[in-house]
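What follows is one structure encoded as C-alpha cells, with my remarks underneath.
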Amino acid sequence: MAKLPFIDGLRNIVANLGTERDKASQSHYVLQMPSDAELSAAYRTSATARKVVDMPAEDMAREWREWQGNSDQIELIEAEEKRLGIQGKVMQAKIKARLFGGAAIYIGTGEQNGALPLNVRAIKKGGVKYLTVIPRTDLNAGEIETDPRLPGYGLPRFYTIGVSQDRIHPSRLVLMRGEELPDDNMAGVQQGWGDSSLASCFTHVTNLDAVVANVVSLTYEANVDVVGIKGFNDGLKSFGEEYEKRAIQRASLQARGKGINGMLMIDADDTYNRKSASFATLPDLMDRFMQLVSAASSIPVTRLFGISPGGMNATGESDEKVYTDRIKSMQTLELEPALSVLDECLIQSALGSRPAEIFYNWRPLYVPSFKERSENAERMAKAFQLLNDMNLLPAEVLSETLVNVFTELGVSPGLQGAVDKYFKPTGETDLSEGED
C-alpha cells in the first residue's frame, strides 16, 4: 500500500481543500534572482528602481554625523573627512551594495603590500592617503574562514582584486553588504556578500512600470472613430488591394474633412460611431501597484513617488517616522560597524593619536526650520543659565559648551570664530618671555 505524503495544514477532502485538486495548494516559491545585467538595466532605465536603491543610501549619508570633542579636535576630524570625501564615498559604496549585493571601500595608506593586516595605531597624521570604492564585481572572495572560534567565521580570509589577483586583507576594506542572507552558504560564488535590495521588489517594480506603459499606450486609443461601410467585406473579396486602396483614400478624405470643418460626410448607408476608453479606474489601479512597490521597498509612498498622503487629515508623519526610524537603525546596525576601522584610521590621520573621549552621533534626518532651531537655542540657553545658577560647573566650561551647542544648531554663524578671536587675539605676546 502506497504511503500518502505528510501534509501539515488544513485539509478537506470533500471540498478539495489542501488536496491535489486545490489550485492554491500548488503555489510555491521559486528562487529566481535577477542577474547583474538585469539589475543594472533596471537601475539605469527605471526611475522607480533607481529610487528604491538610492533613497535609503542617500538618507543614511545625507545629514551625516557630528563629532564630539573639543573644538580643535572636531575641526581637524571634519577637515580630514572632507579631504578624503568620506561622506560621498560611503554613499556611493552603499548604493552599489544595495544594487549588486555588496561593495567595499579600500583604505589607502601608501603601503605596497595590501595582503598584510592594517595596523591602525601605526597610522600617523595624514597617514590615510585616499579612499577607493570597489564594486562587488571587482572583488573576489578567497578562502572562507571555517573556524567558528575566530572573529571572521564564515567570511573570506582575503580578497583578490580585478584581473591582477592581488590579495587584500579584509582589515583594509570597509565592507558594505546588501540584504542579509538566511544562510551564508546560499551566496554561492558571491560568498561574503548579500542580496540586492532591488531583488525582492524587482517583480513589483516591473509590474508598476508595465502598468504605466500600458496606460500611456491606452491614451493613444482613447478615442477611436468607427465607420461602417456597406459591402466592405464583399468589396475586399472581389476587388482585393484596389478596393482596399480606395477605401483608405476615402477614409483619409473623411478624416481630413472632419478635422477642417468639424463635420463628417459619409454615405447614407454607412454608419459612424466613436469608441471612448474609460480612465475612471486607472488612478486607483496605479495607486495599488505603487503601494505594492512601497511596501516591498519599505519606503513610504509619499517619499518614493513624491505624492501627497491620501485620506482625511492625513499628513504622512507616521509613515515618515517609521521610515526615519528604519534609516536610523540601518545607520547604527549596518553602517556604524562597517565604518569602525575606517573611523579609527580617520581619527589617527586627523589628530596623529586616538584620544579616548572622541566619538560621534548620527544627525537626525529631519532638518528643523530656523524658527525651530531658534526655539531650541532659547531652551538650551535657559538650561545653561540654570546650571550656572546652581554653581555645579565652572562658567568657562559652560560657556565653551554653549558656544559649541549654538554652532551645531546653526543659529549663530561665525560665533565660534568670534569667541576664539576675542579670547585669543592675534599678535598676543607671552609675558613670560624675556623674564629672568
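Residues in the C-alpha cells are numbered from 1 in each chain, the chains being A, B, ... in the order shown, and ligands are numbered from 1 in the order shown.
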Using only C-alpha atoms, determine which residues lie at most 7 Å from region 293-295 of chain A, disregarding the query and same-chain residues fewer than 4 positions distant; provide the list as number ranges by chain. A: 201, 204-205, 289, 299-301
**Message:** At a cut-off of 7 Å, using only C-alpha atoms, what residues contact Arg177 (chain A)? Leave out same-chain residues fewer than 3 positions from it and give the result as a ChimeraX atom specification.
**Reply:** /A:97,101-103,193-194
Practice problem: Grab the CA of Phe279 (chain A) to CA of Leu304 (chain A) distance for me, in Å with one decimal place. | Solution: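 Distance reported for this atom pair: 23.9 Å.
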message = For the structure I just gave you, how does DSSP split region 81-226 of chain A - specifically, which residues are strand (DSSP E or B)? Reply as a PyMOL selection string.
response = chain A and resi 102-108+130-135+139-141+144+156+159-161+166-168+173-177+179+195+223-226
Atom pair CA of Thr109 (chain A) + CA of Gly178 (chain A), distance 26.5 Å
At a cut-off of 8 Å, using only C-alpha atoms, what residues contact Leu139 (chain A)? Leave out same-chain residues fewer than 6 positions from it and give the result as a list in words.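 Listing them by chain and then by number gives Tyr159, Thr160, Ile161 and Gly162 of chain A.
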Mind writing the picked residues with N, CA, C and O atoms as a PDB file, in the first residue's frame?
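The resulting file, result-v8.pdb, is reproduced below:
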ATOM      1  N   TYR A 159      40.742  38.862   0.032  1.00  0.00           N
ATOM      2  CA  TYR A 159      40.069  39.158  -1.234  1.00  0.00           C
ATOM      3  C   TYR A 159      41.121  39.363  -2.306  1.00  0.00           C
ATOM      4  O   TYR A 159      42.247  39.789  -2.021  1.00  0.00           O
ATOM      5  N   THR A 160      40.765  39.073  -3.541  1.00  0.00           N
ATOM      6  CA  THR A 160      41.620  39.398  -4.680  1.00  0.00           C
ATOM      7  C   THR A 160      40.886  40.415  -5.535  1.00  0.00           C
ATOM      8  O   THR A 160      39.659  40.374  -5.665  1.00  0.00           O
ATOM      9  N   ILE A 161      41.642  41.324  -6.109  1.00  0.00           N
ATOM     10  CA  ILE A 161      41.039  42.432  -6.835  1.00  0.00           C
ATOM     11  C   ILE A 161      41.331  42.321  -8.323  1.00  0.00           C
ATOM     12  O   ILE A 161      42.467  42.104  -8.743  1.00  0.00           O
ATOM     13  N   GLY A 162      40.269  42.461  -9.121  1.00  0.00           N
ATOM     14  CA  GLY A 162      40.381  42.554 -10.573  1.00  0.00           C
ATOM     15  C   GLY A 162      41.152  41.438 -11.221  1.00  0.00           C
ATOM     16  O   GLY A 162      41.266  40.319 -10.714  1.00  0.00           O
TER      17      GLY A 162
END
Check your understanding: Near Val120 (chain A), within 9 Å and counting only C-alpha atoms, which residues show up once chain neighbours fewer than 6 positions away are dropped, as JSON, numbers by chain?
Key -> {"A": [341, 342, 344, 345, 348]}
Distance criterion (only C-alpha atoms): nearest to Ala350 (chain A) out of A:Ser25, A:Leu39, A:Val52, A:Gly126: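 Closest to Ala350 (chain A), using only C-alpha atoms: A:Gly126.
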Taken to one decimal, the CA of Gly142 (chain A)-CA of Pro156 (chain A) distance is 5.4 Å
Nearest-residue call for Arg326 (chain A), choices A:Thr203, A:Ser278, A:Asn388, A:Ser297, using only C-alpha atoms: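 Looking only at the distances to Arg326 (chain A), the closest residue turns out to be A:Ser297.
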Go through region 262-343 of chain A residue by residue and, counting only C-alpha atoms, keep those with an atom at most 7 Å from region 221-244 of chain A; for each kept residue give the shortest atom pair and its distance in Å to one decimal, ordered by chain and increasing number, as a Markdown table.
| residue | atom | partner | partner_atom | distance |
| --- | --- | --- | --- | --- |
| A:Asp269 | CA | A:Lys230 | CA | 6.2 |
| A:Asp270 | CA | A:Ile229 | CA | 4.8 |
| A:Thr271 | CA | A:Gly228 | CA | 4.6 |
| A:Tyr272 | CA | A:Val227 | CA | 4.4 |
| A:Asn273 | CA | A:Val226 | CA | 5.3 |
| A:Arg274 | CA | A:Asp225 | CA | 4.6 |
| A:Lys275 | CA | A:Val224 | CA | 5.1 |
| A:Ser276 | CA | A:Asn223 | CA | 4.6 |
| A:Ala277 | CA | A:Ala222 | CA | 4.8 |
Practice task
May I ask which of the residues A:Phe359, A:Phe384, A:Tyr43, A:Tyr366 is the closest one to Lys321 (chain A), counting only C-alpha atoms?
Solution key: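 Using only C-alpha atoms, Lys321 (chain A) sits closest to A:Tyr366.
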